[in-house]
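K.L.:
Take a look at protein22.pdb, PDB, C-alpha atoms (C1' of nucleotides):
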```pdb
MODEL        1
ATOM      1  CA  MET A   1       0.516  23.220  -6.993  1.00  0.00           C
ATOM      2  CA  GLN A   2      -1.965  22.012  -9.559  1.00  0.00           C
ATOM      3  CA  ASN A   3       0.329  22.770 -12.477  1.00  0.00           C
ATOM      4  CA  GLN A   4       3.334  21.224 -10.715  1.00  0.00           C
ATOM      5  CA  LEU A   5       1.500  17.966 -10.084  1.00  0.00           C
ATOM      6  CA  GLU A   6       0.465  17.879 -13.727  1.00  0.00           C
ATOM      7  CA  ILE A   7       4.033  18.475 -14.884  1.00  0.00           C
ATOM      8  CA  VAL A   8       5.299  15.543 -12.789  1.00  0.00           C
ATOM      9  CA  TYR A   9       2.456  13.346 -14.025  1.00  0.00           C
ATOM     10  CA  ALA A  10       3.207  14.188 -17.645  1.00  0.00           C
ATOM     11  CA  ARG A  11       6.901  13.447 -17.204  1.00  0.00           C
ATOM     12  CA  LEU A  12       6.252  10.114 -15.520  1.00  0.00           C
ATOM     13  CA  LEU A  13       3.745   9.075 -18.160  1.00  0.00           C
ATOM     14  CA  LYS A  14       6.114  10.045 -20.960  1.00  0.00           C
ATOM     15  CA  ALA A  15       8.980   8.126 -19.351  1.00  0.00           C
ATOM     16  CA  TYR A  16       7.177   4.894 -18.471  1.00  0.00           C
ATOM     17  CA  GLY A  17       3.864   4.828 -20.345  1.00  0.00           C
ATOM     18  CA  PRO A  18       0.575   3.453 -18.979  1.00  0.00           C
ATOM     19  CA  GLN A  19       1.050   0.870 -16.197  1.00  0.00           C
ATOM     20  CA  HIS A  20      -2.337  -0.876 -16.556  1.00  0.00           C
ATOM     21  CA  TRP A  21      -3.010  -1.294 -12.822  1.00  0.00           C
ATOM     22  CA  TRP A  22      -4.284  -3.120 -10.777  1.00  0.00           C
ATOM     23  CA  PRO A  23      -2.896  -6.529 -11.848  1.00  0.00           C
ATOM     24  CA  ALA A  24      -5.812  -8.804 -10.842  1.00  0.00           C
ATOM     25  CA  ASP A  25      -8.620 -10.828 -12.420  1.00  0.00           C
ATOM     26  CA  ASP A  26     -11.507  -9.204 -10.525  1.00  0.00           C
ATOM     27  CA  PRO A  27     -12.314  -6.609  -7.826  1.00  0.00           C
ATOM     28  CA  PHE A  28     -12.172  -9.068  -4.941  1.00  0.00           C
ATOM     29  CA  GLU A  29      -8.721 -10.196  -5.995  1.00  0.00           C
ATOM     30  CA  VAL A  30      -7.696  -6.516  -5.941  1.00  0.00           C
ATOM     31  CA  MET A  31      -8.789  -6.354  -2.300  1.00  0.00           C
ATOM     32  CA  VAL A  32      -6.836  -9.499  -1.431  1.00  0.00           C
ATOM     33  CA  GLY A  33      -3.745  -8.118  -3.165  1.00  0.00           C
ATOM     34  CA  ALA A  34      -4.118  -4.786  -1.337  1.00  0.00           C
ATOM     35  CA  VAL A  35      -3.867  -6.563   2.017  1.00  0.00           C
ATOM     36  CA  LEU A  36      -1.054  -8.880   0.944  1.00  0.00           C
ATOM     37  CA  THR A  37       1.082  -6.031  -0.381  1.00  0.00           C
ATOM     38  CA  GLN A  38       1.147  -4.164   2.943  1.00  0.00           C
ATOM     39  CA  ASN A  39       4.829  -3.349   3.495  1.00  0.00           C
ATOM     40  CA  THR A  40       5.706  -6.145   1.084  1.00  0.00           C
ATOM     41  CA  ALA A  41       7.335  -6.335  -2.350  1.00  0.00           C
ATOM     42  CA  TRP A  42       4.810  -7.147  -5.088  1.00  0.00           C
ATOM     43  CA  LEU A  43       6.965 -10.020  -6.321  1.00  0.00           C
ATOM     44  CA  ASN A  44       6.261 -11.840  -3.054  1.00  0.00           C
ATOM     45  CA  VAL A  45       2.560 -10.963  -3.259  1.00  0.00           C
ATOM     46  CA  GLU A  46       2.404 -12.594  -6.699  1.00  0.00           C
ATOM     47  CA  LYS A  47       3.862 -15.778  -5.268  1.00  0.00           C
ATOM     48  CA  ALA A  48       1.235 -15.779  -2.523  1.00  0.00           C
ATOM     49  CA  ILE A  49      -1.646 -15.104  -4.925  1.00  0.00           C
ATOM     50  CA  ASN A  50      -0.478 -17.828  -7.322  1.00  0.00           C
ATOM     51  CA  SER A  51      -0.188 -20.187  -4.395  1.00  0.00           C
ATOM     52  CA  LEU A  52      -3.737 -19.299  -3.318  1.00  0.00           C
ATOM     53  CA  LYS A  53      -5.055 -19.850  -6.839  1.00  0.00           C
ATOM     54  CA  GLN A  54      -3.600 -23.336  -6.942  1.00  0.00           C
ATOM     55  CA  SER A  55      -5.753 -24.317  -3.954  1.00  0.00           C
ATOM     56  CA  ILE A  56      -8.887 -22.196  -4.248  1.00  0.00           C
ATOM     57  CA  ASP A  57     -10.885 -20.035  -6.593  1.00  0.00           C
ATOM     58  CA  ILE A  58     -10.260 -16.706  -4.860  1.00  0.00           C
ATOM     59  CA  SER A  59     -13.491 -15.492  -3.261  1.00  0.00           C
ATOM     60  CA  ALA A  60     -14.673 -14.354   0.167  1.00  0.00           C
ATOM     61  CA  GLU A  61     -16.461 -17.668   0.714  1.00  0.00           C
ATOM     62  CA  ALA A  62     -13.414 -19.741  -0.217  1.00  0.00           C
ATOM     63  CA  ILE A  63     -11.110 -17.740   2.049  1.00  0.00           C
ATOM     64  CA  LEU A  64     -13.458 -18.063   5.009  1.00  0.00           C
ATOM     65  CA  ALA A  65     -13.765 -21.800   4.359  1.00  0.00           C
ATOM     66  CA  LEU A  66     -10.010 -22.304   4.833  1.00  0.00           C
ATOM     67  CA  ALA A  67      -8.621 -23.044   8.285  1.00  0.00           C
ATOM     68  CA  ASP A  68      -6.325 -20.291   9.581  1.00  0.00           C
ATOM     69  CA  ASP A  69      -3.210 -22.422   9.351  1.00  0.00           C
ATOM     70  CA  GLU A  70      -4.101 -23.524   5.813  1.00  0.00           C
ATOM     71  CA  LEU A  71      -4.581 -19.953   4.646  1.00  0.00           C
ATOM     72  CA  ALA A  72      -1.386 -18.844   6.408  1.00  0.00           C
ATOM     73  CA  ALA A  73       0.598 -21.579   4.667  1.00  0.00           C
ATOM     74  CA  LEU A  74      -0.747 -20.532   1.257  1.00  0.00           C
ATOM     75  CA  ILE A  75       0.112 -16.849   1.647  1.00  0.00           C
ATOM     76  CA  ARG A  76       3.429 -17.510   3.365  1.00  0.00           C
ATOM     77  CA  PRO A  77       5.622 -15.949   0.632  1.00  0.00           C
ATOM     78  CA  SER A  78       4.041 -12.522   1.197  1.00  0.00           C
ATOM     79  CA  GLY A  79       5.351 -12.373   4.778  1.00  0.00           C
ATOM     80  CA  TYR A  80       3.393 -11.448   7.947  1.00  0.00           C
ATOM     81  CA  PHE A  81       1.292 -14.484   7.081  1.00  0.00           C
ATOM     82  CA  ASN A  82      -0.388 -14.886  10.479  1.00  0.00           C
ATOM     83  CA  ILE A  83      -1.499 -11.254  10.626  1.00  0.00           C
ATOM     84  CA  LYS A  84      -2.540 -11.216   6.984  1.00  0.00           C
ATOM     85  CA  THR A  85      -4.579 -14.377   7.498  1.00  0.00           C
ATOM     86  CA  ARG A  86      -6.686 -12.542  10.082  1.00  0.00           C
ATOM     87  CA  ARG A  87      -6.907  -9.462   7.894  1.00  0.00           C
ATOM     88  CA  LEU A  88      -8.058 -11.429   4.838  1.00  0.00           C
ATOM     89  CA  LYS A  89     -10.730 -13.148   6.917  1.00  0.00           C
ATOM     90  CA  ASN A  90     -11.921  -9.846   8.404  1.00  0.00           C
ATOM     91  CA  LEU A  91     -12.146  -8.377   4.911  1.00  0.00           C
ATOM     92  CA  SER A  92     -13.930 -11.439   3.510  1.00  0.00           C
ATOM     93  CA  GLN A  93     -16.451 -11.523   6.360  1.00  0.00           C
ATOM     94  CA  TRP A  94     -17.239  -7.831   5.871  1.00  0.00           C
ATOM     95  CA  PHE A  95     -17.574  -8.370   2.109  1.00  0.00           C
ATOM     96  CA  LEU A  96     -20.111 -11.171   2.561  1.00  0.00           C
ATOM     97  CA  ASP A  97     -22.036  -9.391   5.330  1.00  0.00           C
ATOM     98  CA  ALA A  98     -22.299  -6.313   3.127  1.00  0.00           C
ATOM     99  CA  GLY A  99     -23.902  -8.363   0.364  1.00  0.00           C
ATOM    100  CA  GLY A 100     -20.991  -8.606  -2.082  1.00  0.00           C
ATOM    101  CA  PHE A 101     -19.578  -6.362  -4.764  1.00  0.00           C
ATOM    102  CA  THR A 102     -22.806  -5.420  -6.552  1.00  0.00           C
ATOM    103  CA  GLU A 103     -24.399  -4.286  -3.318  1.00  0.00           C
ATOM    104  CA  LEU A 104     -21.324  -2.274  -2.299  1.00  0.00           C
ATOM    105  CA  LEU A 105     -21.176  -0.516  -5.681  1.00  0.00           C
ATOM    106  CA  GLY A 106     -24.283   1.442  -4.717  1.00  0.00           C
ATOM    107  CA  GLN A 107     -22.622   2.981  -1.663  1.00  0.00           C
ATOM    108  CA  ASP A 108     -21.414   6.556  -1.471  1.00  0.00           C
ATOM    109  CA  THR A 109     -17.599   6.800  -1.607  1.00  0.00           C
ATOM    110  CA  GLY A 110     -17.326   8.460   1.793  1.00  0.00           C
ATOM    111  CA  ASP A 111     -19.497   5.836   3.476  1.00  0.00           C
ATOM    112  CA  LEU A 112     -17.634   3.017   1.768  1.00  0.00           C
ATOM    113  CA  ARG A 113     -14.296   4.448   2.892  1.00  0.00           C
ATOM    114  CA  GLU A 114     -15.527   4.731   6.458  1.00  0.00           C
ATOM    115  CA  THR A 115     -16.678   1.114   6.640  1.00  0.00           C
ATOM    116  CA  LEU A 116     -13.449  -0.122   5.049  1.00  0.00           C
ATOM    117  CA  LEU A 117     -11.446   1.770   7.690  1.00  0.00           C
ATOM    118  CA  SER A 118     -13.548   0.184  10.432  1.00  0.00           C
ATOM    119  CA  ILE A 119     -12.246  -3.269   9.455  1.00  0.00           C
ATOM    120  CA  ASN A 120      -9.301  -4.356  11.598  1.00  0.00           C
ATOM    121  CA  GLY A 121      -6.289  -4.555   9.280  1.00  0.00           C
ATOM    122  CA  ILE A 122      -7.537  -2.071   6.680  1.00  0.00           C
ATOM    123  CA  GLY A 123      -5.745   1.254   7.148  1.00  0.00           C
ATOM    124  CA  PRO A 124      -5.948   4.391   4.991  1.00  0.00           C
ATOM    125  CA  GLU A 125      -3.651   3.237   2.198  1.00  0.00           C
ATOM    126  CA  THR A 126      -5.207  -0.203   1.835  1.00  0.00           C
ATOM    127  CA  ALA A 127      -8.704   1.322   1.940  1.00  0.00           C
ATOM    128  CA  ASP A 128      -7.775   3.791  -0.793  1.00  0.00           C
ATOM    129  CA  ASP A 129      -6.157   1.071  -2.942  1.00  0.00           C
ATOM    130  CA  ILE A 130      -9.467  -0.787  -2.719  1.00  0.00           C
ATOM    131  CA  LEU A 131     -11.580   2.304  -3.410  1.00  0.00           C
ATOM    132  CA  LEU A 132      -9.519   3.344  -6.434  1.00  0.00           C
ATOM    133  CA  TYR A 133      -8.619   0.007  -8.009  1.00  0.00           C
ATOM    134  CA  ALA A 134     -11.570  -2.221  -7.038  1.00  0.00           C
ATOM    135  CA  PHE A 135     -14.451   0.287  -6.833  1.00  0.00           C
ATOM    136  CA  GLU A 136     -13.040   2.814  -9.307  1.00  0.00           C
ATOM    137  CA  ARG A 137     -13.613   5.827  -7.071  1.00  0.00           C
ATOM    138  CA  PRO A 138     -11.522   9.009  -7.528  1.00  0.00           C
ATOM    139  CA  VAL A 139      -9.397   8.622  -4.389  1.00  0.00           C
ATOM    140  CA  PHE A 140      -5.708   9.518  -4.441  1.00  0.00           C
ATOM    141  CA  VAL A 141      -3.541   6.858  -2.769  1.00  0.00           C
ATOM    142  CA  ILE A 142      -0.770   8.165  -0.521  1.00  0.00           C
ATOM    143  CA  ASP A 143       2.105   5.781   0.101  1.00  0.00           C
ATOM    144  CA  LEU A 144       5.714   6.000   1.222  1.00  0.00           C
ATOM    145  CA  TYR A 145       6.871   6.534  -2.373  1.00  0.00           C
ATOM    146  CA  THR A 146       4.455   9.434  -2.837  1.00  0.00           C
ATOM    147  CA  ARG A 147       5.767  11.146   0.290  1.00  0.00           C
ATOM    148  CA  ARG A 148       9.380  10.537  -0.752  1.00  0.00           C
ATOM    149  CA  LEU A 149       9.027  11.751  -4.314  1.00  0.00           C
ATOM    150  CA  PHE A 150       7.101  14.952  -3.586  1.00  0.00           C
ATOM    151  CA  SER A 151       9.179  15.848  -0.591  1.00  0.00           C
ATOM    152  CA  ARG A 152      12.311  15.508  -2.755  1.00  0.00           C
ATOM    153  CA  LEU A 153      10.656  17.807  -5.252  1.00  0.00           C
ATOM    154  CA  GLY A 154      10.077  20.284  -2.437  1.00  0.00           C
ATOM    155  CA  LEU A 155       6.287  20.288  -2.877  1.00  0.00           C
ATOM    156  CA  VAL A 156       5.511  18.813   0.557  1.00  0.00           C
ATOM    157  CA  SER A 157       7.504  18.293   3.730  1.00  0.00           C
ATOM    158  CA  GLY A 158       6.677  14.587   3.813  1.00  0.00           C
ATOM    159  CA  ASP A 159       5.644  14.291   7.435  1.00  0.00           C
ATOM    160  CA  GLU A 160       2.077  15.509   6.939  1.00  0.00           C
ATOM    161  CA  ASP A 161      -0.572  13.078   8.134  1.00  0.00           C
ATOM    162  CA  TYR A 162      -2.267  10.847   5.581  1.00  0.00           C
ATOM    163  CA  GLU A 163      -5.524  12.798   5.266  1.00  0.00           C
ATOM    164  CA  THR A 164      -3.741  16.108   4.822  1.00  0.00           C
ATOM    165  CA  LEU A 165      -1.728  14.791   1.871  1.00  0.00           C
ATOM    166  CA  ARG A 166      -4.713  13.053   0.306  1.00  0.00           C
ATOM    167  CA  HIS A 167      -6.763  16.247   0.511  1.00  0.00           C
ATOM    168  CA  LEU A 168      -3.864  18.209  -0.985  1.00  0.00           C
ATOM    169  CA  PHE A 169      -3.604  15.936  -4.033  1.00  0.00           C
ATOM    170  CA  GLU A 170      -7.352  15.565  -4.489  1.00  0.00           C
ATOM    171  CA  THR A 171      -7.923  19.317  -4.537  1.00  0.00           C
ATOM    172  CA  ALA A 172      -4.930  20.049  -6.778  1.00  0.00           C
ATOM    173  CA  MET A 173      -5.877  17.444  -9.383  1.00  0.00           C
ATOM    174  CA  PRO A 174      -9.296  16.950 -11.015  1.00  0.00           C
ATOM    175  CA  ALA A 175     -11.183  13.957  -9.576  1.00  0.00           C
ATOM    176  CA  ASN A 176     -10.459  11.538 -12.395  1.00  0.00           C
ATOM    177  CA  VAL A 177     -10.291   7.801 -11.733  1.00  0.00           C
ATOM    178  CA  SER A 178      -8.088   6.899 -14.689  1.00  0.00           C
ATOM    179  CA  ILE A 179      -5.592   9.676 -13.888  1.00  0.00           C
ATOM    180  CA  TYR A 180      -5.436   8.767 -10.182  1.00  0.00           C
ATOM    181  CA  ASN A 181      -5.045   5.124 -11.162  1.00  0.00           C
ATOM    182  CA  GLU A 182      -2.159   5.879 -13.500  1.00  0.00           C
ATOM    183  CA  TYR A 183      -0.509   8.472 -11.279  1.00  0.00           C
ATOM    184  CA  HIS A 184      -0.116   6.177  -8.282  1.00  0.00           C
ATOM    185  CA  ALA A 185       1.054   3.299 -10.475  1.00  0.00           C
ATOM    186  CA  LEU A 186       3.628   5.572 -12.133  1.00  0.00           C
ATOM    187  CA  ILE A 187       4.949   6.779  -8.774  1.00  0.00           C
ATOM    188  CA  VAL A 188       5.500   3.165  -7.734  1.00  0.00           C
ATOM    189  CA  ARG A 189       7.069   2.308 -11.081  1.00  0.00           C
ATOM    190  CA  HIS A 190       9.413   5.272 -10.832  1.00  0.00           C
ATOM    191  CA  ALA A 191      10.408   4.341  -7.288  1.00  0.00           C
ATOM    192  CA  LYS A 192      11.304   0.848  -8.443  1.00  0.00           C
ATOM    193  CA  GLU A 193      13.240   2.150 -11.442  1.00  0.00           C
ATOM    194  CA  THR A 194      15.436   4.815  -9.933  1.00  0.00           C
ATOM    195  CA  CYS A 195      14.604   5.597  -6.322  1.00  0.00           C
ATOM    196  CA  SER A 196      15.174   2.271  -4.638  1.00  0.00           C
ATOM    197  CA  LYS A 197      17.390   3.794  -1.996  1.00  0.00           C
ATOM    198  CA  MET A 198      15.869   5.596   0.958  1.00  0.00           C
ATOM    199  CA  GLY A 199      18.628   8.183   1.022  1.00  0.00           C
ATOM    200  CA  ASP A 200      19.702  10.663  -1.617  1.00  0.00           C
ATOM    201  CA  CYS A 201      18.627  10.181  -5.182  1.00  0.00           C
ATOM    202  CA  ARG A 202      20.861  12.554  -7.116  1.00  0.00           C
ATOM    203  CA  HIS A 203      20.608  10.547 -10.283  1.00  0.00           C
ATOM    204  CA  CYS A 204      16.843  10.725 -10.261  1.00  0.00           C
ATOM    205  CA  TRP A 205      15.606  12.819 -13.182  1.00  0.00           C
ATOM    206  CA  VAL A 206      12.423  13.824 -11.395  1.00  0.00           C
ATOM    207  CA  GLU A 207      14.437  15.568  -8.706  1.00  0.00           C
ATOM    208  CA  SER A 208      15.867  17.874 -11.330  1.00  0.00           C
ATOM    209  CA  ALA A 209      12.305  18.724 -12.334  1.00  0.00           C
ATOM    210  CA  GLY A 210      12.106  20.653  -9.066  1.00  0.00           C
ATOM    211  CA  ALA A 211      14.166  23.382 -10.689  1.00  0.00           C
ATOM    212  CA  GLU A 212      11.292  24.081 -13.074  1.00  0.00           C
ATOM    213  CA  PHE A 213       8.827  24.903 -10.309  1.00  0.00           C
TER     214      PHE A 213
ATOM    215  C1'  DT B   1      25.550  -9.141   5.732  1.00  0.00           C
ATOM    216  C1'  DA B   2      22.280  -5.600   6.013  1.00  0.00           C
ATOM    217  C1'  DC B   3      18.561  -3.436   4.085  1.00  0.00           C
ATOM    218  C1'  DC B   4      14.036  -2.829   2.335  1.00  0.00           C
ATOM    219  C1'  DA B   5       9.482  -3.863   0.343  1.00  0.00           C
ATOM    220  C1'  DG B   6       2.907  -0.801  -3.207  1.00  0.00           C
ATOM    221  C1'  DG B   7       1.342  -0.764   6.208  1.00  0.00           C
ATOM    222  C1'  DA B   8      -1.378  -1.352  10.270  1.00  0.00           C
ATOM    223  C1'  DG B   9      -2.359  -2.010  15.008  1.00  0.00           C
ATOM    224  C1'  DA B  10      -1.011  -2.606  19.681  1.00  0.00           C
ATOM    225  C1'  DA B  11       1.882  -1.283  23.353  1.00  0.00           C
ATOM    226  C1'  DA B  12       4.637   1.925  25.640  1.00  0.00           C
ATOM    227  C1'  DA B  13       6.079   6.426  26.882  1.00  0.00           C
TER     228       DA B  13
ATOM    229  C1'  DT C   1      -1.255  11.952  21.883  1.00  0.00           C
ATOM    230  C1'  DT C   2       3.242  10.722  19.710  1.00  0.00           C
ATOM    231  C1'  DT C   3       6.661   7.423  19.426  1.00  0.00           C
ATOM    232  C1'  DT C   4       8.147   2.606  19.338  1.00  0.00           C
ATOM    233  C1'  DC C   5       7.552  -2.221  18.670  1.00  0.00           C
ATOM    234  C1'  DT C   6       5.877  -6.312  16.200  1.00  0.00           C
ATOM    235  C1'  DC C   7       4.719  -8.848  12.357  1.00  0.00           C
ATOM    236  C1'  DA C   8       8.197 -12.193   8.344  1.00  0.00           C
ATOM    237  C1'  DT C   9       9.400 -13.770   3.625  1.00  0.00           C
ATOM    238  C1'  DG C  10      12.428 -13.002  -0.239  1.00  0.00           C
ATOM    239  C1'  DG C  11      15.248 -10.222  -3.455  1.00  0.00           C
ATOM    240  C1'  DT C  12      19.252  -7.135  -3.991  1.00  0.00           C
TER     241       DT C  12
ENDMDL
END
```
Any chance you could give the structure as structure tokens?
P.N.:
Amino acid sequence: MQNQLEIVYARLLKAYGPQHWWPADDPFEVMVGAVLTQNTAWLNVEKAINSLKQSIDISAEAILALADDELAALIRPSGYFNIKTRRLKNLSQWFLDAGGFTELLGQDTGDLRETLLSINGIGPETADDILLYAFERPVFVIDLYTRRLFSRLGLVSGDEDYETLRHLFETAMPANVSIYNEYHALIVRHAKETCSKMGDCRHCWVESAGAEF
DNA sequence: TACCAGGAGAAAA
DNA sequence: TTTTCTCATGGT
């Protein structure tokens, strides 16, 4: 398994090059983007973030200072704007209560993950996006694209629960933040390039890599 | 026109 | 406890 994951990683990196994720100015903006991108195309998230930036300097304080309907109007392009308004406020309140980024940096990864998951609106994938891309912890993000790609390659069935898959990837690959960062970004890039359809993907070159395993 | 997007939580079965 | 429903804009 270890070697197979490394082969796929090498092929993706060779095909697309470094993706330089996460596209954001600072760690808190990464967290905001992680919530806004839930089941949403990044193009729409960019519109929402740009819209936010035109009204406020993105910070936990500034988000909490906005009225719910004001915040919802600003993030409207990202969809689910009423739900995401609540989620952004929950996240911001937690962030302030915890003492901000510097204070949180001192926390153990497991503890930090647990408190993130306790916030209403932060599920496993969003928590792991935040841990990897904002706090730079070696946590492998499992998303729909990851399931789809590796189940096509025959390495997983695809219906495993989140923690099972995360554990599988984290034990098969060395705990390396820059590799985990790049790997997830490359999987998303590849999905956008050639695997945009949920069904068969016969033209996808990665699928043919399965023959090498 | 229909489908899907860098999910999560609540409700129903 | 597992499945189903809801949230919603915007691009293809």
K.L.:
Compile the contact shell of Trp94 in chain A as a short mmCIF file (atom, residue, chain, number, x, y, z; two decimals) with C-alpha atoms, in the frame of the given file: residues with an atom at most 10 Å away, counting only C-alpha atoms (C1' of nucleotides), same-chain residues fewer than 2 positions apart removed.
P.N.:
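In the end it all went to out16.cif:
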```
data_model
loop_
_atom_site.label_atom_id
_atom_site.label_comp_id
_atom_site.auth_asym_id
_atom_site.auth_seq_id
_atom_site.Cartn_x
_atom_site.Cartn_y
_atom_site.Cartn_z
CA ALA A 60 -14.67 -14.35 0.17
CA LEU A 88 -8.06 -11.43 4.84
CA LYS A 89 -10.73 -13.15 6.92
CA ASN A 90 -11.92 -9.85 8.40
CA LEU A 91 -12.15 -8.38 4.91
CA SER A 92 -13.93 -11.44 3.51
CA LEU A 96 -20.11 -11.17 2.56
CA ASP A 97 -22.04 -9.39 5.33
CA ALA A 98 -22.30 -6.31 3.13
CA GLY A 99 -23.90 -8.36 0.36
CA GLY A 100 -20.99 -8.61 -2.08
CA THR A 115 -16.68 1.11 6.64
CA LEU A 116 -13.45 -0.12 5.05
CA SER A 118 -13.55 0.18 10.43
CA ILE A 119 -12.25 -3.27 9.46
#
```
K.L.:
Quick check, in Å to one decimal: how far apart do CA of Asp69 in chain A and CA of Pro23 in chain A lie?
P.N.:
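Here the two named atoms are 26.5 Å from each other.
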K.L.:
Could you work out how far CA of Thr126 in chain A lies from CA of Glu61 in chain A, giving the answer in Å with one decimal?
P.N.:
20.8 Å
K.L.:
List as a tab-separated table every residue of chain C that is in contact with chain A, defined as an atom at most 7 Å from one of its atoms (using only C-alpha atoms (C1' of nucleotides)), together with the nearest atom pair and the distance in Å rounded to one decimal, sorted by chain and then rising number.
P.N.:
```
residue	atom	partner	partner_atom	distance
C:DC7	C1'	A:Tyr80	CA	5.3
C:DA8	C1'	A:Gly79	CA	4.6
C:DT9	C1'	A:Gly79	CA	4.4
C:DG10	C1'	A:Asn44	CA	6.9
```
K.L.:
Enumerate as an MDAnalysis selection string the residues belonging to chain A that approach chain B to within 8 Å, with only C-alpha atoms (C1' of nucleotides) taken into account.
P.N.:
chainID A and resid 37:42 121:123 125:126 143 188
K.L.:
Rounded to one decimal, what separation in Å do you get between CA of Val156 in chain A and CA of Phe169 in chain A?
P.N.:
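Calculated distance between CA of Val156 in chain A and CA of Phe169 in chain A is 10.6 Å.
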K.L.:
Which centre and edge lengths in Å to one decimal define the box along x, y and z that fits every listed atom of chain B plus 4 Å per side, as lines of an AutoDock Vina configuration file?
P.N.:
```
center_x = 11.6
center_y = -1.4
center_z = 11.8
size_x = 35.9
size_y = 23.6
size_z = 38.1
```
K.L.:
Closest to Ala34 in chain A among A:Arg147, A:Arg152, A:Arg166, A:Arg87, using only C-alpha atoms?
P.N.:
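For Ala34 in chain A, the nearest of the given residues is A:Arg87.
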